[in-house]
file work_37.txt (compact mmCIF, C-alpha atoms)
# COMPACT_ATOMS: atom_id res chain seq x y z
CA MET A 1 12.04 14.51 16.19
CA THR A 2 8.69 12.84 16.02
CA LYS A 3 6.49 15.83 16.51
CA THR A 4 3.82 16.27 13.88
CA ARG A 5 2.35 19.65 13.22
CA LEU A 6 0.27 21.40 10.68
CA PHE A 7 1.38 24.91 9.92
CA HIS A 8 -0.85 27.69 8.72
CA SER A 9 0.84 30.78 10.07
CA ASN A 10 3.39 33.02 8.49
CA ALA A 11 6.84 33.59 9.99
CA ASN A 12 10.16 35.25 9.38
CA GLY A 13 13.79 34.67 10.21
CA LEU A 14 16.87 32.61 9.45
CA ILE A 15 18.08 29.51 11.23
CA GLU A 16 20.58 30.18 13.98
CA HIS A 17 20.72 27.02 16.06
CA ASP A 18 22.12 23.58 15.36
CA HIS A 19 21.41 21.56 18.49
CA ASN A 20 22.05 18.14 16.98
CA ARG A 21 25.20 19.30 15.18
CA ASP A 22 23.83 17.89 11.97
CA GLY A 23 23.36 21.11 10.09
CA ILE A 24 19.68 21.31 10.83
CA ASP A 25 18.21 23.52 13.48
CA ARG A 26 15.03 21.66 14.30
CA ARG A 27 13.28 24.61 15.85
CA GLY A 28 14.29 26.80 12.97
CA PHE A 29 13.31 24.13 10.48
CA LEU A 30 9.81 24.08 11.88
CA LYS A 31 9.75 27.84 11.72
CA CYS A 32 10.73 27.62 8.10
CA MET A 33 7.99 25.14 7.42
CA ALA A 34 5.52 27.47 9.06
CA TRP A 35 5.53 29.20 5.70
CA ALA A 36 4.43 26.13 3.85
CA GLY A 37 0.88 27.28 3.33
CA THR A 38 1.87 30.58 1.83
CA GLY A 39 4.97 29.63 -0.12
CA ALA A 40 8.49 29.41 1.25
CA LEU A 41 11.88 28.24 0.17
CA CYS A 42 14.07 26.19 2.47
CA LEU A 43 17.50 24.83 1.69
CA ILE A 44 20.69 23.76 3.32
CA GLU A 45 23.48 26.25 2.75
CA GLY A 46 26.93 25.44 4.10
CA GLY A 47 25.39 22.90 6.46
CA VAL A 48 22.96 25.43 7.87
CA LEU A 49 19.34 25.45 6.87
CA LYS A 50 18.09 28.78 5.63
CA SER A 51 14.58 29.76 4.83
CA PHE A 52 13.13 32.61 2.85
CA ALA A 53 9.59 33.77 2.23
CA LEU A 54 8.72 33.56 -1.45
CA GLY A 55 8.61 36.87 -3.20
CA THR A 56 11.14 38.57 -0.95
CA ARG A 57 14.45 39.87 -2.25
CA ASN A 58 16.28 37.05 -0.44
CA ALA A 59 14.15 34.36 -2.02
CA SER A 60 14.80 35.57 -5.54
CA GLN A 61 18.51 35.73 -4.78
CA VAL A 62 18.46 32.18 -3.54
CA GLN A 63 16.56 30.97 -6.56
CA SER A 64 19.01 32.50 -8.98
CA HIS A 65 22.29 31.80 -7.20
CA GLU A 66 21.80 28.63 -5.22
CA VAL A 67 19.24 26.54 -7.01
CA ALA A 68 19.41 27.32 -10.68
CA GLY A 69 21.07 24.78 -12.91
CA ARG A 70 20.50 21.80 -10.58
CA LEU A 71 17.70 19.24 -10.56
CA THR A 72 14.29 20.85 -10.21
CA PHE A 73 11.02 18.99 -10.28
CA VAL A 74 7.43 19.62 -9.20
CA GLN A 75 5.01 17.53 -7.18
CA ILE A 76 1.29 17.83 -7.78
CA SER A 77 -1.37 15.73 -6.12
CA ASP A 78 -5.03 14.92 -5.67
CA SER A 79 -6.52 16.53 -8.78
CA HIS A 80 -9.75 14.49 -8.25
CA MET A 81 -10.98 15.13 -11.78
CA GLY A 82 -14.74 14.56 -11.79
CA PHE A 83 -15.34 15.95 -8.31
CA ASN A 84 -18.12 18.57 -8.52
CA LYS A 85 -19.32 19.17 -4.97
CA PRO A 86 -19.49 22.55 -3.14
CA ALA A 87 -15.93 22.17 -1.79
CA ASN A 88 -14.82 22.94 -5.39
CA PRO A 89 -17.26 22.82 -8.31
CA ASP A 90 -14.42 23.65 -10.75
CA VAL A 91 -11.55 21.17 -10.37
CA ILE A 92 -10.71 21.70 -14.06
CA GLY A 93 -10.12 25.40 -13.38
CA THR A 94 -7.89 24.78 -10.37
CA LEU A 95 -5.84 22.10 -12.17
CA LYS A 96 -5.33 24.57 -15.03
CA ALA A 97 -4.24 27.17 -12.46
CA ALA A 98 -1.70 24.63 -11.15
CA VAL A 99 -0.40 24.18 -14.69
CA ASP A 100 -0.07 27.96 -15.06
CA LYS A 101 1.85 28.03 -11.77
CA ILE A 102 4.23 25.33 -13.03
CA ASN A 103 4.75 27.11 -16.34
CA ALA A 104 5.53 30.35 -14.50
CA LEU A 105 8.30 28.84 -12.32
CA PRO A 106 11.64 30.63 -12.68
CA GLN A 107 13.33 27.32 -13.48
CA ARG A 108 11.63 24.83 -15.73
CA PRO A 109 11.11 21.52 -13.89
CA GLU A 110 12.69 18.44 -15.47
CA PHE A 111 9.62 16.41 -14.66
CA ILE A 112 6.48 16.31 -12.54
CA LEU A 113 5.53 13.74 -9.91
CA HIS A 114 1.77 13.22 -9.49
CA THR A 115 1.14 11.53 -6.14
CA GLY A 116 -2.27 10.10 -6.95
CA ASP A 117 -6.01 10.67 -6.95
CA ILE A 118 -5.66 11.88 -10.49
CA SER A 119 -9.34 11.07 -11.00
CA HIS A 120 -12.30 11.05 -8.63
CA LEU A 121 -13.99 7.86 -9.84
CA SER A 122 -11.34 6.09 -11.99
CA SER A 123 -13.26 6.81 -15.18
CA PRO A 124 -11.38 7.00 -18.52
CA ASP A 125 -13.02 10.39 -19.20
CA GLU A 126 -11.58 11.81 -16.01
CA PHE A 127 -8.10 10.47 -16.82
CA ASP A 128 -8.42 11.90 -20.36
CA THR A 129 -9.28 15.36 -19.03
CA VAL A 130 -6.29 15.40 -16.65
CA ASP A 131 -3.94 14.18 -19.38
CA GLN A 132 -5.16 16.88 -21.72
CA ILE A 133 -4.73 19.67 -19.14
CA LEU A 134 -1.27 18.47 -18.07
CA THR A 135 -0.08 18.36 -21.69
CA ALA A 136 0.26 22.14 -21.40
CA THR A 137 3.22 21.69 -19.02
CA HIS A 138 5.26 20.07 -21.86
CA THR A 139 6.98 18.11 -19.09
CA PRO A 140 7.27 14.34 -18.48
CA ILE A 141 5.07 13.16 -15.62
CA PHE A 142 5.50 10.20 -13.28
CA PHE A 143 2.39 8.91 -11.53
CA VAL A 144 1.53 6.74 -8.56
CA PRO A 145 -2.11 5.80 -7.94
CA GLY A 146 -4.40 7.07 -5.23
CA GLU A 147 -7.34 5.00 -4.02
CA HIS A 148 -9.63 6.99 -6.35
CA ASP A 149 -7.62 5.79 -9.38
CA VAL A 150 -8.05 2.06 -8.73
CA LEU A 151 -11.73 1.87 -7.79
CA ASN A 152 -13.27 -0.65 -10.13
CA ASP A 153 -10.67 -2.81 -11.81
CA ASP A 154 -7.89 -3.35 -9.25
CA GLY A 155 -5.89 -0.61 -10.91
CA LYS A 156 -5.68 -2.21 -14.38
CA THR A 157 -6.69 1.00 -16.18
CA PHE A 158 -4.26 3.03 -14.11
CA ARG A 159 -1.33 0.71 -14.85
CA GLU A 160 -2.09 0.61 -18.58
CA ARG A 161 -2.20 4.40 -18.79
CA TYR A 162 0.39 5.59 -16.28
CA ALA A 163 2.70 2.80 -15.18
CA LYS A 164 3.24 0.51 -18.18
CA ASN A 165 6.74 -0.64 -17.26
CA SER A 166 6.12 -0.85 -13.54
CA LYS A 167 6.28 -3.87 -11.25
CA GLY A 168 3.40 -5.45 -9.35
CA ALA A 169 0.54 -3.04 -8.69
CA GLY A 170 2.45 -0.15 -10.28
CA TRP A 171 5.69 0.47 -8.37
CA TYR A 172 8.96 1.49 -10.06
CA SER A 173 12.17 3.46 -9.65
CA PHE A 174 14.36 5.66 -11.84
CA ASP A 175 17.48 7.82 -11.57
CA LYS A 176 17.85 11.47 -12.44
CA ASN A 177 20.93 13.65 -11.90
CA GLY A 178 22.28 11.22 -9.32
CA VAL A 179 19.04 11.13 -7.33
CA HIS A 180 17.21 7.78 -7.01
CA PHE A 181 13.41 8.13 -7.27
CA ILE A 182 11.08 5.40 -6.01
CA GLY A 183 7.34 5.39 -6.75
CA LEU A 184 5.35 3.16 -4.37
CA VAL A 185 1.73 1.96 -4.31
CA ASN A 186 -0.01 1.88 -0.92
CA VAL A 187 -3.68 2.01 -1.94
CA MET A 188 -4.28 -1.61 -2.97
CA ASN A 189 -5.51 -4.65 -1.01
CA LEU A 190 -6.38 -2.59 2.05
CA LYS A 191 -7.49 -4.60 5.09
CA ALA A 192 -10.56 -3.89 7.22
CA GLY A 193 -9.70 -1.55 10.06
CA GLY A 194 -6.23 -0.86 8.68
CA LEU A 195 -4.28 1.94 7.00
CA GLY A 196 -2.51 2.18 3.64
CA THR A 197 -0.54 -0.97 2.76
CA LEU A 198 2.58 -1.69 0.70
CA GLY A 199 2.56 -5.47 1.07
CA ASN A 200 5.38 -8.02 1.18
CA GLU A 201 5.97 -8.28 -2.57
CA GLN A 202 6.56 -4.54 -2.88
CA LEU A 203 8.68 -4.39 0.29
CA GLU A 204 10.96 -7.14 -1.03
CA TRP A 205 11.26 -5.33 -4.34
CA LEU A 206 12.16 -2.10 -2.50
CA ARG A 207 14.82 -3.85 -0.41
CA ASP A 208 16.45 -5.22 -3.58
CA ASP A 209 16.02 -1.95 -5.49
CA VAL A 210 18.18 0.07 -3.07
CA LYS A 211 20.52 -2.72 -1.94
CA HIS A 212 23.39 -1.85 -4.31
CA LEU A 213 23.16 1.94 -4.09
CA PRO A 214 25.88 3.81 -2.17
CA SER A 215 24.61 5.48 0.99
CA SER A 216 25.50 8.88 -0.44
CA THR A 217 22.78 8.54 -3.10
CA PRO A 218 19.95 11.00 -2.40
CA ILE A 219 16.64 9.11 -2.28
CA VAL A 220 13.18 10.44 -3.10
CA VAL A 221 10.27 8.13 -2.23
CA PHE A 222 6.82 9.13 -3.48
CA ALA A 223 3.47 7.46 -2.78
CA HIS A 224 -0.14 8.57 -2.32
CA ILE A 225 -0.99 7.86 1.32
CA PRO A 226 1.54 9.32 3.80
CA LEU A 227 4.34 6.92 4.72
CA TRP A 228 4.32 8.35 8.23
CA THR A 229 1.45 8.10 10.67
CA ILE A 230 -0.31 11.45 10.67
CA TYR A 231 -3.76 10.53 11.99
CA PRO A 232 -4.60 6.82 12.05
CA GLU A 233 -8.21 7.52 13.10
CA TRP A 234 -8.76 8.86 9.58
CA GLY A 235 -6.52 6.29 7.92
CA TRP A 236 -3.75 8.84 7.35
CA GLY A 237 -0.78 6.50 7.52
CA THR A 238 0.63 3.28 6.07
CA GLU A 239 0.63 -0.02 8.00
CA ASP A 240 4.05 -1.26 6.89
CA SER A 241 5.83 2.04 6.17
CA ALA A 242 8.35 1.45 8.99
CA GLN A 243 9.56 -1.67 7.15
CA ALA A 244 9.98 0.33 3.93
CA LEU A 245 11.82 3.14 5.71
CA SER A 246 14.18 0.65 7.36
CA TYR A 247 15.57 -0.10 3.87
CA VAL A 248 16.38 3.54 3.12
CA LYS A 249 17.44 4.88 6.52
CA ARG A 250 21.16 4.27 5.82
CA PHE A 251 21.07 6.89 3.06
CA GLY A 252 22.26 10.39 3.88
CA SER A 253 19.30 12.18 2.33
CA VAL A 254 15.82 10.72 2.07
CA THR A 255 12.82 12.78 1.00
CA VAL A 256 9.36 11.22 1.25
CA LEU A 257 6.64 12.93 -0.78
CA ASN A 258 2.98 12.08 -0.26
CA GLY A 259 -0.50 13.44 -1.00
CA HIS A 260 -3.91 12.13 0.16
CA ILE A 261 -4.54 14.56 3.03
CA HIS A 262 -5.00 17.69 0.87
CA GLN A 263 -2.82 19.93 3.03
CA THR A 264 0.88 20.55 3.49
CA MET A 265 2.63 19.00 6.44
CA GLN A 266 6.25 18.24 7.16
CA LYS A 267 8.28 16.20 9.60
CA VAL A 268 12.01 15.55 9.87
CA GLU A 269 13.29 12.33 11.43
CA GLY A 270 17.05 11.88 11.25
CA ASN A 271 18.00 12.03 7.58
CA VAL A 272 14.43 11.55 6.43
CA THR A 273 12.21 14.51 5.51
CA PHE A 274 8.52 13.71 5.15
CA HIS A 275 6.30 16.09 3.25
CA THR A 276 2.68 16.10 2.09
CA ALA A 277 1.49 18.27 -0.80
CA PHE A 278 -1.47 20.49 -1.43
CA SER A 279 -4.32 19.10 -3.51
CA THR A 280 -5.22 20.92 -6.70
CA ALA A 281 -8.91 20.13 -6.10
CA PHE A 282 -10.29 20.64 -2.59
CA VAL A 283 -9.34 21.09 1.05
CA GLN A 284 -9.63 18.51 3.83
CA PRO A 285 -9.69 19.40 7.52
CA ALA A 286 -6.64 19.39 9.77
CA PRO A 287 -6.32 16.07 11.66
CA GLY A 288 -9.07 15.71 14.24
CA LYS A 289 -10.43 19.21 13.58
CA ALA A 290 -13.69 17.91 12.12
CA ASP A 291 -16.01 14.93 12.66
CA GLY A 292 -14.53 13.27 9.59
CA PRO A 293 -11.92 13.77 6.85
CA GLY A 294 -14.41 14.69 4.08
CA PRO A 295 -14.05 17.63 1.67
CA MET A 296 -14.21 20.98 3.47
CA LYS A 297 -15.96 23.97 1.97
CA VAL A 298 -13.93 27.13 2.49
CA PRO A 299 -14.96 30.66 1.47
CA GLY A 300 -14.59 31.02 -2.30
CA ASP A 301 -11.92 33.70 -2.08
CA GLN A 302 -9.77 31.45 0.15
CA LEU A 303 -9.92 28.22 -1.85
CA ARG A 304 -6.98 28.90 -4.14
CA SER A 305 -4.77 29.88 -1.21
CA LEU A 306 -5.29 26.35 0.17
CA LEU A 307 -4.62 24.48 -3.07
CA GLY A 308 -1.27 24.37 -4.81
CA ILE A 309 1.88 22.66 -6.02
CA THR A 310 5.25 21.76 -4.51
CA ASP A 311 8.45 22.84 -6.23
CA VAL A 312 11.45 20.68 -5.28
CA ASN A 313 15.08 21.55 -5.84
CA TYR A 314 18.05 19.29 -5.38
CA VAL A 315 21.38 21.02 -4.98
CA GLN A 316 24.22 18.56 -5.51
CA GLY A 317 26.45 18.15 -2.49
CA ARG A 318 23.77 19.38 -0.12
CA HIS A 319 22.08 17.16 2.44
CA ALA A 320 18.43 17.87 1.86
CA LEU A 321 16.16 18.78 -1.01
CA ALA A 322 14.60 22.22 -0.91
CA LEU A 323 10.81 22.00 -0.86
CA VAL A 324 8.67 24.97 -1.77
CA ASP A 325 4.90 24.82 -1.37
CA ALA A 326 3.25 27.40 -3.57
CA SER A 327 -0.49 28.01 -3.40
CA LEU A 328 -2.61 28.75 -6.46
CA ALA A 329 -3.65 32.14 -5.08
CA MET B 1 -52.30 26.48 40.72
CA ARG B 2 -54.92 26.09 37.99
CA LYS B 3 -52.17 25.81 35.37
CA ALA B 4 -50.46 23.02 37.33
CA TRP B 5 -53.66 20.98 37.38
CA TRP B 6 -54.06 21.50 33.68
CA ILE B 7 -50.58 20.04 33.09
CA VAL B 8 -51.38 17.00 35.24
CA GLY B 9 -54.67 16.66 33.39
CA SER B 10 -53.10 16.79 29.94
CA SER B 11 -50.31 14.43 30.98
CA PHE B 12 -52.97 11.97 32.04
CA THR B 13 -54.75 12.34 28.69
CA PHE B 14 -51.47 11.88 26.87
CA ALA B 15 -50.74 8.73 28.87
CA LEU B 16 -54.15 7.35 27.95
CA VAL B 17 -53.54 7.99 24.27
CA MET B 18 -50.13 6.29 24.47
CA VAL B 19 -51.60 3.23 26.19
CA ALA B 20 -54.22 3.05 23.46
CA LEU B 21 -51.57 3.32 20.75
CA LEU B 22 -49.37 0.67 22.33
CA ALA B 23 -52.35 -1.64 22.61
CA THR B 24 -52.90 -1.46 18.84
CA ARG B 25 -49.18 -1.88 17.99
CA PRO B 26 -49.05 -5.70 18.03
CA LEU B 27 -51.79 -5.76 15.39
CA ILE B 28 -49.75 -3.49 13.08
CA ALA B 29 -46.60 -5.54 13.63
CA LYS B 30 -48.49 -8.73 12.83
CA ALA B 31 -49.64 -7.32 9.51
CA ASP B 32 -45.98 -6.60 8.57
CA GLU B 33 -44.54 -9.96 9.59
CA THR B 34 -44.55 -11.47 6.10
CA LYS B 35 -42.44 -8.67 4.69
CA ALA B 36 -39.13 -7.70 6.33
CA PRO B 37 -38.87 -3.95 6.80
CA PRO B 38 -36.37 -2.27 4.49
CA ALA B 39 -32.96 -2.31 6.12
CA GLU B 40 -30.92 0.74 5.23
CA ILE B 41 -27.47 1.80 6.28
CA LYS B 42 -26.47 5.40 5.82
CA VAL B 43 -22.84 5.95 4.84
CA ASP B 44 -22.28 9.41 6.21
CA ASN B 45 -19.21 11.33 7.33
CA PHE B 46 -17.02 8.24 6.91
CA THR B 47 -19.16 6.06 9.22
CA PHE B 48 -21.81 3.40 8.75
CA GLY B 49 -25.07 4.19 10.50
CA PRO B 50 -25.84 1.96 12.24
CA ASP B 51 -22.45 0.24 12.37
CA THR B 52 -24.11 -2.97 13.57
CA LEU B 53 -27.44 -3.95 12.02
CA THR B 54 -29.46 -7.04 12.95
CA VAL B 55 -31.83 -8.43 10.30
CA ALA B 56 -33.86 -11.57 9.62
CA VAL B 57 -32.73 -14.21 7.13
CA ASN B 58 -33.49 -13.22 3.51
CA SER B 59 -33.41 -9.54 4.35
CA THR B 60 -32.02 -7.16 1.77
CA VAL B 61 -29.72 -4.53 3.21
CA THR B 62 -29.20 -1.32 1.28
CA TRP B 63 -26.28 1.05 1.79
CA VAL B 64 -26.75 4.64 0.65
CA ASN B 65 -23.76 6.96 0.34
CA LYS B 66 -24.47 10.42 1.75
CA ASP B 67 -20.84 11.58 1.56
CA ASP B 68 -19.22 13.88 -1.01
CA LEU B 69 -16.62 11.17 -1.64
CA PRO B 70 -17.15 7.65 -3.03
CA HIS B 71 -17.12 4.56 -0.84
CA VAL B 72 -16.90 0.84 -1.65
CA ILE B 73 -18.82 -1.68 0.47
CA ALA B 74 -16.85 -4.92 0.80
CA SER B 75 -17.27 -7.90 3.12
CA ASN B 76 -14.10 -8.87 4.99
CA ASP B 77 -14.20 -12.40 3.57
CA GLY B 78 -14.87 -11.36 -0.03
CA LEU B 79 -18.50 -12.57 -0.09
CA PHE B 80 -19.81 -9.27 -1.48
CA LYS B 81 -18.33 -6.07 -2.86
CA SER B 82 -20.02 -3.06 -4.39
CA LYS B 83 -18.77 -0.88 -7.18
CA ALA B 84 -17.62 2.58 -6.10
CA LEU B 85 -20.70 4.39 -4.80
CA ASP B 86 -20.73 8.08 -5.58
CA THR B 87 -22.91 10.50 -3.62
CA ASP B 88 -26.52 9.20 -3.21
CA GLN B 89 -25.76 5.92 -5.00
CA THR B 90 -26.86 2.70 -3.31
CA TYR B 91 -25.79 -0.91 -3.06
CA SER B 92 -28.00 -3.80 -1.90
CA TYR B 93 -27.20 -7.32 -0.81
CA THR B 94 -29.60 -10.04 0.34
CA PHE B 95 -28.45 -12.19 3.26
CA SER B 96 -29.83 -15.71 2.84
CA LYS B 97 -27.99 -17.44 5.69
CA PRO B 98 -27.76 -16.65 9.41
CA GLY B 99 -24.44 -15.40 10.67
CA THR B 100 -22.36 -12.31 11.35
CA TYR B 101 -21.02 -10.54 8.30
CA ALA B 102 -18.20 -8.07 8.90
CA TYR B 103 -17.65 -5.49 6.16
CA PHE B 104 -15.65 -2.32 5.52
CA CYS B 105 -15.04 0.40 2.96
CA SER B 106 -12.27 -1.02 0.80
CA ILE B 107 -10.83 2.44 0.03
CA HIS B 108 -11.28 3.88 3.56
CA PRO B 109 -10.59 0.74 5.58
CA LYS B 110 -10.99 2.49 8.93
CA MET B 111 -14.72 2.43 8.14
CA VAL B 112 -16.03 -0.89 9.47
CA GLY B 113 -19.45 -2.37 10.21
CA LYS B 114 -21.30 -5.65 10.59
CA ILE B 115 -24.60 -7.24 9.68
CA VAL B 116 -26.01 -9.83 12.08
CA VAL B 117 -28.43 -12.17 10.29
CA GLN B 118 -30.74 -14.19 12.57

call {"tool": "encode", "arguments": {"input": "work_37.txt", "output": "C-alpha cells"}}
result
Amino acid sequence: MTKTRLFHSNANGLIEHDHNRDGIDRRGFLKCMAWAGTGALCLIEGGVLKSFALGTRNASQVQSHEVAGRLTFVQISDSHMGFNKPANPDVIGTLKAAVDKINALPQRPEFILHTGDISHLSSPDEFDTVDQILTATHTPIFFVPGEHDVLNDDGKTFRERYAKNSKGAGWYSFDKNGVHFIGLVNVMNLKAGGLGTLGNEQLEWLRDDVKHLPSSTPIVVFAHIPLWTIYPEWGWGTEDSAQALSYVKRFGSVTVLNGHIHQTMQKVEGNVTFHTAFSTAFVQPAPGKADGPGPMKVPGDQLRSLLGITDVNYVQGRHALALVDASLA
Amino acid sequence: MRKAWWIVGSSFTFALVMVALLATRPLIAKADETKAPPAEIKVDNFTFGPDTLTVAVNSTVTWVNKDDLPHVIASNDGLFKSKALDTDQTYSYTFSKPGTYAYFCSIHPKMVGKIVVQ
C-alpha cells in the first residue's frame, strides 16, 4: 500500500472487505479517510475498521461507547504566528478557534502535540502569543520544531522554551497509558537540494530508544516535515525517514503524525499509519497543483473549513489509533 | 495593396532606427564600465530568478524575497548566510574572488542557485 492520495470529497459507508486478512480493508480505509477534510472518525472494532461521519448518530455512539475513558490527545500544527498575508490576515483568530474546538471536544484530551511552525519568524513575541492563546486549553503541550521556529539561532530559543529536557536538536520520547511517544526533529542542518533530515545522531538515539520496548507497544512518532515522501519536488519528505522507520517497523501499531504541508493526508503501509494535520493558519496547495507550495488564498468563507485540528484516540487492545480531523468551520 | 507597402515602409524605418540605436550602444556601455550594474536575484514562488547569475569580480549581488513566506540565503560551503528574509526584505553579498558559488535556501533546500564570478 504505497498509494498517496489527498482526499477532499465526502463519503459514506462501513468497511466490508479485508483483503489482506489483517483487519484493515484498504479500499474501505481510503474511503474512510475521504472524510478527513470534513471530520470523520475511524477506528478498529473487532479487527474490522469502521468509519463514521462526525455529527451522525453512529459517530456519537462510537465516541461514547468505544472511545471514552481511553487515551485521547489532540494534534495541532503550523500556527505560523506572525503571518499576516492575504491567505489569512488573522492567524490569532484561527488559533483561538482551534482552542475553542479543543475545549469543545466530548472527551478532554490528556495532552496536545504541536507538530511545529508555531511561529512564522521565530520571534519571541510570536512564541509568547501562541503560548498565551494555548494556555486556554489548560492542557500540557508537547512541541517539535518546524523550520520557521529555528530560523535565526539554530533552534536555541525553541529548545529553551519548548524542549528543555530534550536530546540533541530537540528530540525526546515519553510514555502515556502504555503508548510510547517519540518527538523527532527533521528541520535542522538541511542540505542543498535535499529534503527534511533527521541525521545520524538522532537516528542512533531513536534506535536505542525503542530497542528494549516489546513489539506490542503502540508507537506514536511525531515530527514537523512528513516522514514519508509526499512530493519531493516541494521538499515534502524526509531524506533518512526510511532508516528511522526501520527501527519501529517491528511494532504492531505505529502512528506517524506530521504537519508542514497544511492539509490532511493519510497513508497506511503495513502496521504504520502516516497522517498529516491541518494547519491552524493557512492553506497550501495539493501536491503539484500549483507552480509552488506557497500560501494559497481561498475564499474567506471557505478558509475555516480547510484549517483544523486532529483528535486522536487510542483504544487499548486495538491495533490502530483512531484519527479524527476536524475543521474549524 | 497600399497598406502592404505602408507596412514594408514602416518596417524599413523601424530597422533604420534600430541600426542607429545599436550603433550608439557601445558608447553607453563604455560609460558604465567602471560601475558594475546592480545584480539582483528575485526569490519568487520558491525559485531563484535567475537560478544562475554571472557577475564580474567585486560585484554585489542582492536577493529580494517576493514570496509570502521567509527564505534564508545560504552558500553550500558556509561562506555566506542571510538572516531569515521576510516578504520584500533583501540580502546582499559582495563576491571578491572569481569562482562558482552554489547556494540554497536553508529552510527550503530544494531551492538552489549559483553565482558565477568572472

call {"tool": "residues_around", "arguments": {"input": "work_37.txt", "residues": "Asp149 of chain A", "least_positions_apart": "4", "cutoff": "8 Å", "atoms": "only C-alpha atoms", "output": "PyMOL selection string"}}
result
chain A and resi 116-122+145+155+158

call {"tool": "residues_around", "arguments": {"input": "work_37.txt", "residues": "Ala98 of chain A", "least_positions_apart": "2", "cutoff": "9 Å", "atoms": "only C-alpha atoms", "output": "ChimeraX atom specification"}}
result
/A:76,93-96,100-103,280,307-309,327-328

call {"tool": "interface_residues", "arguments": {"input": "work_37.txt", "of": "chain A", "to": "chain B", "cutoff": "10 Å", "atoms": "all atoms listed in the file", "output": "ChimeraX atom specification"}}
result
/A:83-87,120-122,146-148,150-153,187-196,232-236,290-296

call {"tool": "atom_distance", "arguments": {"input": "work_37.txt", "atom1": "atom CA of Ser79 of chain A", "atom2": "atom CA of Ala281 of chain A"}}
result
5.1 Å

call {"tool": "atom_distance", "arguments": {"input": "work_37.txt", "atom1": "atom CA of Gly170 of chain A", "atom2": "atom CA of His224 of chain A"}}
result
12.1 Å

call {"tool": "atom_distance", "arguments": {"input": "work_37.txt", "atom1": "atom CA of Trp171 of chain A", "atom2": "atom CA of Gly183 of chain A"}}
result
5.4 Å

call {"tool": "residues_around", "arguments": {"input": "work_37.txt", "residues": "Asn65 of chain B", "least_positions_apart": "3", "cutoff": "6 Å", "atoms": "all atoms listed in the file", "output": "number ranges by chain"}}
result
B: 43, 87-89

call {"tool": "closest_residue", "arguments": {"input": "work_37.txt", "among": "A:Pro218, A:Pro140, A:Pro124, A:Pro89", "to": "Val74 of chain A", "atoms": "only C-alpha atoms"}}
result
A:Pro140
